[in-house]
2 protein chains.
Amino acid sequence: MQYKKVCNCLVGIFILMNARGQSVYKDLTKYVNPLIGTGAVDKNSLSGSNFPGPTLPFSMVQLSPDTEDAPDDPASGYDYYAKTIVGFSHTHLSGTGVSDLFDILLIPTNGRLYMSPGTVDKKKPGFRSTFSHQDEQAIPGYYQVKLTDYGINAELTSSAHVGMHRYTFSEKDSSRIIIDLDHSLNKKRTYWSCKILDAQIKVIAPNAIEGYRIITGWANMRKVYFHIEFSKPFKDVLFANGNGAPKLNTILNGNALKAAAEFDTKPGEQILSKVALSAVSIENARENMQAEIPNWDFDQVKQNAHDIWEKELDKIAIDGTDSQKTIFYTALYHAFTQPNNIADVNGDYMATDYTIHKAEDKTHYSTFSIWDTYRAANPLYSLIAPKKSGAFINSMLRQYQTYGFLPIWQLWGEENYCMIGNHSIPVIVDAVMKGIGGFNVDSAYEAVKNSSLRDHQGSPFSVWEKYHYIPENIQSQSVSIALEMSFDDWCVAQFAKHLGKTADYNYFMQRAQYYKNLHNKQTNFFQAKNSDGQWLPKFNPLDYGGNGGSPFTEGNAWQYYWYVPQDVPSLIDITGGKEAFTQKLDTFFTLVDKSGETNGNASGFIGQYAHGNEPSHHVTYLYDYAGQPWKTQYYVSKVLREQYTTASSGYSGNDDCGQMSAWYIFSSMGFYPVNPASGVYAIGSPILKSATITLPNGKIFTIKTKNVSDQNFYIEKIKLNGKDYPYSYITQTVLDQGGTMEFEMGNKPNKKRAINTNAYPLEWGYNTK
Amino acid sequence: MQYKKVCNCLVGIFILMNARGQSVYKDLTKYVNPLIGTGAVDKNSLSGSNFPGPTLPFSMVQLSPDTEDAPDDPASGYDYYAKTIVGFSHTHLSGTGVSDLFDILLIPTNGRLYMSPGTVDKKKPGFRSTFSHQDEQAIPGYYQVKLTDYGINAELTSSAHVGMHRYTFSEKDSSRIIIDLDHSLNKKRTYWSCKILDAQIKVIAPNAIEGYRIITGWANMRKVYFHIEFSKPFKDVLFANGNGAPKLNTILNGNALKAAAEFDTKPGEQILSKVALSAVSIENARENMQAEIPNWDFDQVKQNAHDIWEKELDKIAIDGTDSQKTIFYTALYHAFTQPNNIADVNGDYMATDYTIHKAEDKTHYSTFSIWDTYRAANPLYSLIAPKKSGAFINSMLRQYQTYGFLPIWQLWGEENYCMIGNHSIPVIVDAVMKGIGGFNVDSAYEAVKNSSLRDHQGSPFSVWEKYHYIPENIQSQSVSIALEMSFDDWCVAQFAKHLGKTADYNYFMQRAQYYKNLHNKQTNFFQAKNSDGQWLPKFNPLDYGGNGGSPFTEGNAWQYYWYVPQDVPSLIDITGGKEAFTQKLDTFFTLVDKSGETNGNASGFIGQYAHGNEPSHHVTYLYDYAGQPWKTQYYVSKVLREQYTTASSGYSGNDDCGQMSAWYIFSSMGFYPVNPASGVYAIGSPILKSATITLPNGKIFTIKTKNVSDQNFYIEKIKLNGKDYPYSYITQTVLDQGGTMEFEMGNKPNKKRAINTNAYPLEWGYNTK
């Protein structure tokens, strides 16, 4: 992003043009509450794992308070229920279950805390202060908190590559701003071994410090270079390396580095600092700062951030209650918090093979939590932010070029194999079919095809080819993998068909059927077999798997039963027809037995349905496919109204890089991409008064509701452009034409209407065939 | 090194010009036996830790057999007493006590060993074959061994960045060449945590494989990219990642990667492979191969290596027994095995801050084992290879530029803080005083001065300034550090004086005296104090320290007593005069009590003298300074004749990157740089018939001996250019003038001659003052 250019356009423009060309002051950012998702509903569930600090859309720097010295859970580093803040670090993950990043922590302190030989004790907590939510404010592009122990007011804002801090010191004192390079994810956690391989802090001017750290953690190896400037020359800089505190220094190298810039302050004096990052070099970090925040106007940077978010949020204009607007725009904000551009302003980035390259469009996006986001977040990007979506796919293709297959879970440009499946494939296929452009379709097909042929961790295609299922004794999580692999294969087949590659189409369509080989007619569940072809004994559909050691991934056989988004009619068939299917769904949503629960990711329960984790996300919509759309309406509405709130515990589970948010955005408007690479959206139960989407082709699609309320969540009837619309689905083709869809809502199911919904072509909703 | 150019010059030239312009075929390489230093004298001592495989002088690739899957001791990877070879890896350390590198292991096998799902078992030994020294040959630039288990003859040669393998298969069989990226230093060793952070193997053509590994070990973080070509297309390539063996692949990523290129072979068929490395990128590895070994002429590459070594070895022409020539030229070969140019042919290299830069002269040298080599190896480089020495110093200065101080122990461009002191300083000061050029003297002074002012690991200058000694309770190894710091300070002072910086001179000369504050008059030893100024209790001069936890570094108080090379007269004074000093030396060389021995680096004992480790290396020469040069002659001769042999156990301890070798080179010619930054060489006991050195200024200095034999090791008299030379020292000034020094040797001390030796100016031997 060329931040400066954007700034020049927006500075001072408070009256924005809305999608229909009407000039109206919206102030959408006022509805965003970054504290939503920072606390858990209860001790049995996960928080959204969101962070409250400032970020620009899709930016490298995400500057936020950390409440732990060695953050672990929540992975965002900020727990709403924590009593203390340890400082403000410049990179974060939003909504993940695994922690990493937390680069370059700053914390202001006063003279009561010293860093000198003998006083730095690793066993004791570091520099931390109590804080109160009463003295805390979080809005897009700005965060403020009073650090009670030090009497210091801390304010944060940021540009794409630079964090900006404004600290107001309340005492006449010798004040210090600590720079902590040893702050990282929990190094004692053995699941990922985190180690700082090398680091440097260097004083280069009376008000400037720079350096780097090389770190291995969840990402294999990251190089984080930084350049820091202060608005006032420091009196002195103190250094610490672990327990040692060298004295005669302007430069320090080691693995556990801290520095303290010391200032004489008057009561009320403000000291500002700017921290620029780069994954490439100190020089680039300096260039990033010069390009984005050359001066010291904190309020202007804050205003720029506000204006950029205003523009971004305006992509969907909604009407509804204030609570709905808060939940909706916060969700949109969270969805646009990642992927993150890790390229510098000059386009330099570190590729997957750890070499430095230059991106022509100055962007290289990473943080692809694709197992989560392919479901609804990526379809949302390709619907309302197609240029970004094209750039994301270009970045994914770069991994293919050096790494041999598309991202599974990519962090800081590197694959970490988190979760299962190869769901860059549906993301790309959806984008191709929507025609968003911005990447080479033939290269994309090569990447998609080879990613589906080459064995790699979690994706043993040779085993898939040999057995026509995944034997659990060869590859754990076999049932989940087989189901999701079948879906990806179906996606490859559609792409092949689109390009006229019939042999490939037939090949992958055959593989896409293999999931059926794990359907046990006796139990009517998908179950695991070993390589001898026998079902694994002691099957209990309530038993959960985590991330290995069980046939199921972060779920149980109940939750994974529904994972045939590419061919729900076949799933209905093998279940025993529509009645059996809806009965099984009824049981799913009402069976409260949790005797088998073992995975912490499952939360937000409605029977066995667990909205807090992704495997359930499409299941409420499956009634549509079996002639009982009113039950879809009932459960979708229930989730929308009960599992999304304006509280810090507003999500019933990890936001997972925006997927929980994207579910709300689609569902609150009334539709959801059950198969995110089909162009077909199942209709649920809209709760907003209206929603207007500006489509990639410039057309406007508006959803309106009549009589909607907490009680009126059933669809009485739908009109599309004034004509009766009898279906329970809409397609991308319908959206692309623009227009208005009106929902008349009521408090009773309209079962007559449901009869017609079945006639709709379920397979394909793009303009392509 | 521009290898191709050298090749063009040398191809077919077997008649070389010697230093005196006479045309004579020397064949010096025939005296080099790379197997010397690969075995230990006995179980109580260390081997030289040298490797037998091919290398060019100072080159990146050092291709050699490894006898362990996870090499640890010897650090070279090759133990002469081992029965099996696990393969041939492309990077090695020569003579160190700590292991690392071992990149990209190849081993040829036959069809009896498979790599397929289930058969790769990490718990069992990998692919290894027995071998016999009868079927083994090692000469400069060439190594051959029969892998008995497989009936395969393996031959190795190399250029600067490329290893070349020629495997002759004896059976009609399906043969395999394994490429092992998981071969590394012992990962279970906790002292350095070794971990492969990421790796890739990729088949890019029917006969080509490439990839990389990112690894943390003794070096903080290395990126090793490779490109491999085979002379014949492979039938298939099998892959393994840990215990998994993916099938459908041309590319593999992971942490424990192996690939097996499979070939149908006829009996006697040869398959060649070329392996190019780069620390920067795969592209650069390819470019390195194209530049150095574009074709498949193994014998030509071998010949080129031979010719390059011939030219390098010819820098000193000696006459003596065949054994002496073997020991001498092998020592010269070992001394020129490192430092290593880690830049690519295009000049790209990874700097100390992990960014990529381009070197104008296409070289960036690393592997600086400076605590060892500053004593004699670096003075040797600056004496006979000044251009290289200048380039080494340029590379050292690059560390200063990004890291803030000069190398202590630099591996692969990165500081690892091994050992103590800042002995890049004497290396630079010696080079400046010799006027070798090739680096900026003012920049060098800045680096030397700041490296002596900024606190860093093992060098707490603030503590030095505060206490005027190093308190053991603040910094362990305090006595060794204080003694060596005093020496380095003296060196900085000389450099300051040379540049007319009087204030700096005075400042550092004052610090250079601080060692005296640890001399305990009661015991007449250097002893440790704590910060309270009291001597540490329970002092026993026989007690050894290792690398921390004791006041002494890899030695005891006896061995460190002599560490005042910059001012032996003062040491004599504080010892109580010459008689007390020589008596103490007599005791040192005869006290056989090893009750306190605890450090494995100490070996090669003569009393408390331990020639197997560096702290002792100058001590035999100290009798010269106290009027008893015949005792120097006695002990130097004893070490030369007893502790250097032509056997695999030819060194009495680790060669330490050529320091043990350099001791022999100097001492066998009759002189040694006791203070390696003074330009003064103490005369010992030459054992060669003659030695001719071509000096940087083009002049020739020849040493000749008369009547030298195993019994005749005492100097009867010395003539310099035909005139009587009554001193026990020569200086750089004398050498620089060229000429001939003749030693007449006898079997009895000439004690009369010794009277005059004292009158010589001991402090300074350069032309500079």
# chains A, B, ... in the order shown; residues from 1 in each chain; ligands from 1

$ residues_around --residues "range 693-702 of chain A" --least-positions-apart "3" --cutoff "12 Å" --atoms "only C-alpha atoms" --output "PyMOL selection string"
chain A and resi 18-21+312-319+380-390+431+434-437+665-666+669-670+688-690+705+719-721+730+732-743

$ interface_residues --of "chain B" --to "chain A" --cutoff "9 Å" --atoms "only C-alpha atoms" --output "PyMOL selection string"
chain B and resi 197-200+202+211-212+214+216+220-221+223+244+246-254+280-281+353-356+403-405+453-457+460-463

$ residues_around --residues "Glu472 in chain B" --least-positions-apart "4" --cutoff "9 Å" --atoms "only C-alpha atoms" --output "MDAnalysis selection string"
chainID B and resid 476:479 528:531 536 549:551

$ write_last_selection --atoms "all heavy atoms" --output "short mmCIF file (atom, residue, chain, number, x, y, z; two decimals), in the first residue's frame"
data_model
loop_
_atom_site.label_atom_id
_atom_site.label_comp_id
_atom_site.auth_asym_id
_atom_site.auth_seq_id
_atom_site.Cartn_x
_atom_site.Cartn_y
_atom_site.Cartn_z
N SER B 476 33.57 -14.61 34.86
CA SER B 476 34.38 -15.82 35.00
C SER B 476 35.51 -15.83 33.96
O SER B 476 35.50 -15.05 33.02
CB SER B 476 33.50 -17.06 34.86
OG SER B 476 34.25 -18.20 35.17
N GLN B 477 36.50 -16.75 34.18
CA GLN B 477 37.72 -16.79 33.37
C GLN B 477 38.52 -15.49 33.56
O GLN B 477 39.23 -15.04 32.66
CB GLN B 477 37.43 -17.04 31.87
CG GLN B 477 36.53 -18.25 31.61
CD GLN B 477 36.24 -18.47 30.14
OE1 GLN B 477 37.15 -18.76 29.35
NE2 GLN B 477 34.99 -18.37 29.76
N SER B 478 38.36 -14.90 34.74
CA SER B 478 38.83 -13.54 34.96
C SER B 478 40.34 -13.37 34.81
O SER B 478 40.80 -12.34 34.30
CB SER B 478 38.41 -13.08 36.36
OG SER B 478 38.95 -13.94 37.35
N VAL B 479 41.11 -14.37 35.23
CA VAL B 479 42.57 -14.21 35.15
C VAL B 479 43.02 -14.29 33.69
O VAL B 479 43.78 -13.45 33.20
CB VAL B 479 43.29 -15.27 36.01
CG1 VAL B 479 44.80 -15.16 35.84
CG2 VAL B 479 42.91 -15.11 37.48
N ALA B 528 42.95 -15.11 40.89
CA ALA B 528 41.69 -14.38 40.78
C ALA B 528 41.34 -13.65 42.07
O ALA B 528 41.58 -14.14 43.16
CB ALA B 528 40.57 -15.35 40.43
N LYS B 529 40.76 -12.46 41.88
CA LYS B 529 40.15 -11.72 42.98
C LYS B 529 38.66 -11.61 42.71
O LYS B 529 38.22 -11.61 41.57
CB LYS B 529 40.71 -10.29 43.04
CG LYS B 529 42.14 -10.15 43.46
CD LYS B 529 42.56 -8.67 43.37
CE LYS B 529 44.02 -8.48 43.80
NZ LYS B 529 44.49 -7.09 43.50
N ASN B 530 37.92 -11.45 43.79
CA ASN B 530 36.52 -11.04 43.63
C ASN B 530 36.45 -9.51 43.67
O ASN B 530 37.49 -8.84 43.85
CB ASN B 530 35.65 -11.65 44.73
CG ASN B 530 35.19 -13.06 44.34
OD1 ASN B 530 35.19 -13.40 43.16
ND2 ASN B 530 34.81 -13.84 45.33
N SER B 531 35.25 -8.99 43.53
CA SER B 531 35.12 -7.53 43.46
C SER B 531 35.45 -6.85 44.80
O SER B 531 35.64 -5.65 44.84
CB SER B 531 33.71 -7.14 43.00
OG SER B 531 32.75 -7.79 43.80
N LEU B 536 40.77 -15.05 45.74
CA LEU B 536 39.89 -16.20 45.94
C LEU B 536 40.62 -17.25 46.76
O LEU B 536 41.81 -17.50 46.54
CB LEU B 536 39.49 -16.82 44.59
CG LEU B 536 38.08 -16.48 44.10
CD1 LEU B 536 37.98 -14.99 43.78
CD2 LEU B 536 37.72 -17.31 42.88
N GLY B 549 33.36 -20.70 34.67
CA GLY B 549 33.24 -21.34 35.98
C GLY B 549 34.55 -21.40 36.74
O GLY B 549 34.61 -21.91 37.85
N SER B 550 35.61 -20.90 36.16
CA SER B 550 36.93 -20.91 36.78
C SER B 550 37.69 -19.68 36.28
O SER B 550 37.38 -19.15 35.21
CB SER B 550 37.67 -22.19 36.40
OG SER B 550 39.07 -21.98 36.40
N PRO B 551 38.68 -19.21 37.04
CA PRO B 551 39.42 -18.03 36.58
C PRO B 551 40.27 -18.27 35.33
O PRO B 551 40.74 -17.33 34.70
CB PRO B 551 40.31 -17.69 37.77
CG PRO B 551 39.66 -18.34 38.96
CD PRO B 551 39.03 -19.59 38.42
#

$ residues_around --residues "Arg286 in chain B" --least-positions-apart "6" --cutoff "10 Å" --atoms "only C-alpha atoms" --output "mmCIF file with all heavy atoms, in the first residue's frame"
data_model
loop_
_atom_site.group_PDB
_atom_site.id
_atom_site.type_symbol
_atom_site.label_atom_id
_atom_site.label_comp_id
_atom_site.auth_asym_id
_atom_site.auth_seq_id
_atom_site.Cartn_x
_atom_site.Cartn_y
_atom_site.Cartn_z
ATOM 1 N N VAL B 162 32.372 -25.705 -5.466
ATOM 2 C CA VAL B 162 31.725 -26.895 -6.023
ATOM 3 C C VAL B 162 32.489 -28.152 -5.624
ATOM 4 O O VAL B 162 33.712 -28.214 -5.784
ATOM 5 C CB VAL B 162 31.647 -26.821 -7.568
ATOM 6 C CG1 VAL B 162 30.777 -27.954 -8.109
ATOM 7 C CG2 VAL B 162 31.138 -25.473 -8.036
ATOM 8 N N GLU B 210 18.090 -29.497 -6.655
ATOM 9 C CA GLU B 210 18.602 -28.364 -5.897
ATOM 10 C C GLU B 210 17.737 -28.101 -4.667
ATOM 11 O O GLU B 210 16.737 -28.789 -4.447
ATOM 12 C CB GLU B 210 18.728 -27.109 -6.777
ATOM 13 C CG GLU B 210 17.470 -26.681 -7.481
ATOM 14 C CD GLU B 210 17.734 -25.603 -8.545
ATOM 15 O OE1 GLU B 210 18.819 -25.549 -9.134
ATOM 16 O OE2 GLU B 210 16.805 -24.815 -8.786
ATOM 17 N N TYR B 225 22.306 -22.945 0.312
ATOM 18 C CA TYR B 225 21.607 -23.295 -0.931
ATOM 19 C C TYR B 225 22.518 -24.199 -1.762
ATOM 20 O O TYR B 225 23.739 -24.050 -1.728
ATOM 21 C CB TYR B 225 21.265 -22.033 -1.714
ATOM 22 C CG TYR B 225 20.319 -21.107 -0.978
ATOM 23 C CD1 TYR B 225 20.798 -20.130 -0.110
ATOM 24 C CD2 TYR B 225 18.943 -21.229 -1.147
ATOM 25 C CE1 TYR B 225 19.922 -19.293 0.575
ATOM 26 C CE2 TYR B 225 18.060 -20.389 -0.468
ATOM 27 C CZ TYR B 225 18.561 -19.418 0.393
ATOM 28 O OH TYR B 225 17.703 -18.593 1.068
ATOM 29 N N PHE B 226 21.921 -25.134 -2.490
ATOM 30 C CA PHE B 226 22.759 -26.026 -3.298
ATOM 31 C C PHE B 226 22.110 -26.316 -4.641
ATOM 32 O O PHE B 226 20.888 -26.233 -4.811
ATOM 33 C CB PHE B 226 23.022 -27.341 -2.555
ATOM 34 C CG PHE B 226 21.795 -28.183 -2.329
ATOM 35 C CD1 PHE B 226 21.404 -29.141 -3.256
ATOM 36 C CD2 PHE B 226 21.015 -28.013 -1.199
ATOM 37 C CE1 PHE B 226 20.266 -29.915 -3.057
ATOM 38 C CE2 PHE B 226 19.868 -28.777 -0.997
ATOM 39 C CZ PHE B 226 19.493 -29.722 -1.924
ATOM 40 N N HIS B 227 22.990 -26.652 -5.584
ATOM 41 C CA HIS B 227 22.552 -27.115 -6.910
ATOM 42 C C HIS B 227 23.419 -28.332 -7.251
ATOM 43 O O HIS B 227 24.637 -28.258 -7.196
ATOM 44 C CB HIS B 227 22.743 -26.002 -7.943
ATOM 45 C CG HIS B 227 22.498 -26.450 -9.357
ATOM 46 N ND1 HIS B 227 21.228 -26.628 -9.872
ATOM 47 C CD2 HIS B 227 23.356 -26.781 -10.344
ATOM 48 C CE1 HIS B 227 21.322 -27.035 -11.129
ATOM 49 N NE2 HIS B 227 22.601 -27.136 -11.447
ATOM 50 N N ILE B 228 22.765 -29.443 -7.553
ATOM 51 C CA ILE B 228 23.474 -30.701 -7.827
ATOM 52 C C ILE B 228 23.161 -31.154 -9.251
ATOM 53 O O ILE B 228 21.996 -31.129 -9.664
ATOM 54 C CB ILE B 228 23.043 -31.821 -6.854
ATOM 55 C CG1 ILE B 228 23.246 -31.383 -5.403
ATOM 56 C CG2 ILE B 228 23.804 -33.113 -7.140
ATOM 57 C CD1 ILE B 228 22.829 -32.425 -4.371
ATOM 58 N N GLU B 229 24.191 -31.570 -9.967
ATOM 59 C CA GLU B 229 23.963 -32.210 -11.264
ATOM 60 C C GLU B 229 24.642 -33.571 -11.285
ATOM 61 O O GLU B 229 25.690 -33.767 -10.675
ATOM 62 C CB GLU B 229 24.517 -31.336 -12.405
ATOM 63 C CG GLU B 229 23.715 -30.051 -12.584
ATOM 64 C CD GLU B 229 24.223 -29.185 -13.724
ATOM 65 O OE1 GLU B 229 25.057 -29.661 -14.534
ATOM 66 O OE2 GLU B 229 23.789 -28.017 -13.792
ATOM 67 N N VAL B 275 28.265 -30.698 -6.946
ATOM 68 C CA VAL B 275 27.422 -30.061 -5.932
ATOM 69 C C VAL B 275 27.957 -28.652 -5.688
ATOM 70 O O VAL B 275 29.046 -28.497 -5.144
ATOM 71 C CB VAL B 275 27.433 -30.864 -4.611
ATOM 72 C CG1 VAL B 275 26.526 -30.199 -3.582
ATOM 73 C CG2 VAL B 275 27.035 -32.313 -4.847
ATOM 74 N N ALA B 276 27.193 -27.660 -6.122
ATOM 75 C CA ALA B 276 27.602 -26.264 -5.898
ATOM 76 C C ALA B 276 26.841 -25.685 -4.716
ATOM 77 O O ALA B 276 25.654 -25.942 -4.550
ATOM 78 C CB ALA B 276 27.331 -25.421 -7.141
ATOM 79 N N LEU B 277 27.535 -24.929 -3.901
ATOM 80 C CA LEU B 277 26.911 -24.297 -2.731
ATOM 81 C C LEU B 277 26.853 -22.778 -2.892
ATOM 82 O O LEU B 277 27.620 -22.193 -3.650
ATOM 83 C CB LEU B 277 27.708 -24.612 -1.453
ATOM 84 C CG LEU B 277 27.907 -26.054 -1.040
ATOM 85 C CD1 LEU B 277 28.474 -26.095 0.376
ATOM 86 C CD2 LEU B 277 26.626 -26.851 -1.115
ATOM 87 N N SER B 278 25.958 -22.185 -2.113
ATOM 88 C CA SER B 278 25.919 -20.727 -1.960
ATOM 89 C C SER B 278 25.272 -20.416 -0.626
ATOM 90 O O SER B 278 24.341 -21.115 -0.214
ATOM 91 C CB SER B 278 25.111 -20.085 -3.094
ATOM 92 O OG SER B 278 24.751 -18.762 -2.732
ATOM 93 N N PRO B 294 31.916 -26.153 -15.293
ATOM 94 C CA PRO B 294 30.793 -26.249 -16.234
ATOM 95 C C PRO B 294 30.693 -27.629 -16.884
ATOM 96 O O PRO B 294 29.628 -28.020 -17.333
ATOM 97 C CB PRO B 294 31.105 -25.163 -17.266
ATOM 98 C CG PRO B 294 32.573 -24.950 -17.178
ATOM 99 C CD PRO B 294 32.974 -25.247 -15.766
#

$ residues_around --residues "Lys83 in chain A" --least-positions-apart "5" --cutoff "9 Å" --atoms "only C-alpha atoms" --output "list in words"
Thr67, Ser129, Thr130, Phe131 and Ser132 of chain A

$ closest_residue --among "B:Ala447, B:Leu46, B:Ile179, B:Ala260" --to "Ser89 in chain B" --atoms "only C-alpha atoms"
B:Ile179

$ select_by_dssp --residues "range 463-664 of chain A" --states "alpha helix (DSSP H)" --output "NGL selection string"
:A and (463-467 or 478-498 or 502-511 or 557-560 or 568-575 or 578-590 or 629-642 or 659-664)

$ atom_distance --atom1 "CA of His133 in chain B" --atom2 "CA of Asp655 in chain B"
21.7 Å

$ select_by_dssp --residues "range 381-598 of chain B" --states "strand (DSSP E)" --output "PyMOL selection string"
chain B and resi 409-411+414-415+519-520+525-526+544-545+555-556

$ residues_around --residues "Asp149 in chain A" --least-positions-apart "2" --cutoff "10 Å" --atoms "only C-alpha atoms" --output "count of residues only"
12

$ atom_distance --atom1 "CA of Glu642 in chain A" --atom2 "CA of Gln137 in chain A"
25.6 Å

$ closest_atom_pairs --of "range 93-186 of chain A" --to "range 610-618 of chain A" --cutoff "12 Å" --atoms "only C-alpha atoms" --output "tab-separated table"
residue	atom	partner	partner_atom	distance
A:Gly95	CA	A:Asn613	CA	11.4
A:Thr96	CA	A:Asn613	CA	11.2
A:Gly97	CA	A:Asn613	CA	10.6

$ decode --residues "range 38-43 of chain A" --atoms "all heavy atoms" --output "PDB file, in the first residue's frame"
ATOM      1  N   THR A  38     -11.755  -9.862  22.678  1.00  0.00           N
ATOM      2  CA  THR A  38     -10.552  -9.940  23.492  1.00  0.00           C
ATOM      3  C   THR A  38     -10.773 -10.705  24.799  1.00  0.00           C
ATOM      4  O   THR A  38      -9.833 -10.907  25.555  1.00  0.00           O
ATOM      5  CB  THR A  38      -9.999  -8.529  23.823  1.00  0.00           C
ATOM      6  OG1 THR A  38     -10.986  -7.838  24.601  1.00  0.00           O
ATOM      7  CG2 THR A  38      -9.704  -7.741  22.562  1.00  0.00           C
ATOM      8  N   GLY A  39     -12.003 -11.138  25.050  1.00  0.00           N
ATOM      9  CA  GLY A  39     -12.275 -11.915  26.262  1.00  0.00           C
ATOM     10  C   GLY A  39     -13.110 -13.146  25.941  1.00  0.00           C
ATOM     11  O   GLY A  39     -13.858 -13.159  24.954  1.00  0.00           O
ATOM     12  N   ALA A  40     -12.963 -14.174  26.747  1.00  0.00           N
ATOM     13  CA  ALA A  40     -13.703 -15.411  26.514  1.00  0.00           C
ATOM     14  C   ALA A  40     -15.078 -15.327  27.171  1.00  0.00           C
ATOM     15  O   ALA A  40     -15.276 -14.623  28.157  1.00  0.00           O
ATOM     16  CB  ALA A  40     -12.935 -16.601  27.065  1.00  0.00           C
ATOM     17  N   VAL A  41     -16.058 -16.065  26.619  1.00  0.00           N
ATOM     18  CA  VAL A  41     -17.411 -16.101  27.175  1.00  0.00           C
ATOM     19  C   VAL A  41     -17.382 -16.697  28.581  1.00  0.00           C
ATOM     20  O   VAL A  41     -17.991 -16.188  29.500  1.00  0.00           O
ATOM     21  CB  VAL A  41     -18.345 -16.915  26.256  1.00  0.00           C
ATOM     22  CG1 VAL A  41     -19.720 -17.079  26.894  1.00  0.00           C
ATOM     23  CG2 VAL A  41     -18.457 -16.258  24.882  1.00  0.00           C
ATOM     24  N   ASP A  42     -16.673 -17.796  28.724  1.00  0.00           N
ATOM     25  CA  ASP A  42     -16.511 -18.415  30.039  1.00  0.00           C
ATOM     26  C   ASP A  42     -15.236 -19.243  30.024  1.00  0.00           C
ATOM     27  O   ASP A  42     -14.550 -19.307  29.016  1.00  0.00           O
ATOM     28  CB  ASP A  42     -17.732 -19.283  30.380  1.00  0.00           C
ATOM     29  CG  ASP A  42     -17.978 -20.337  29.309  1.00  0.00           C
ATOM     30  OD1 ASP A  42     -17.019 -21.039  28.916  1.00  0.00           O
ATOM     31  OD2 ASP A  42     -19.122 -20.432  28.831  1.00  0.00           O
ATOM     32  N   LYS A  43     -14.961 -19.891  31.140  1.00  0.00           N
ATOM     33  CA  LYS A  43     -13.678 -20.583  31.246  1.00  0.00           C
ATOM     34  C   LYS A  43     -13.585 -21.795  30.330  1.00  0.00           C
ATOM     35  O   LYS A  43     -12.509 -22.320  30.090  1.00  0.00           O
ATOM     36  CB  LYS A  43     -13.376 -20.948  32.701  1.00  0.00           C
ATOM     37  CG  LYS A  43     -14.279 -22.024  33.295  1.00  0.00           C
ATOM     38  CD  LYS A  43     -13.905 -22.293  34.752  1.00  0.00           C
ATOM     39  CE  LYS A  43     -14.893 -23.250  35.422  1.00  0.00           C
ATOM     40  NZ  LYS A  43     -14.964 -24.573  34.853  1.00  0.00           N
TER      41      LYS A  43
END
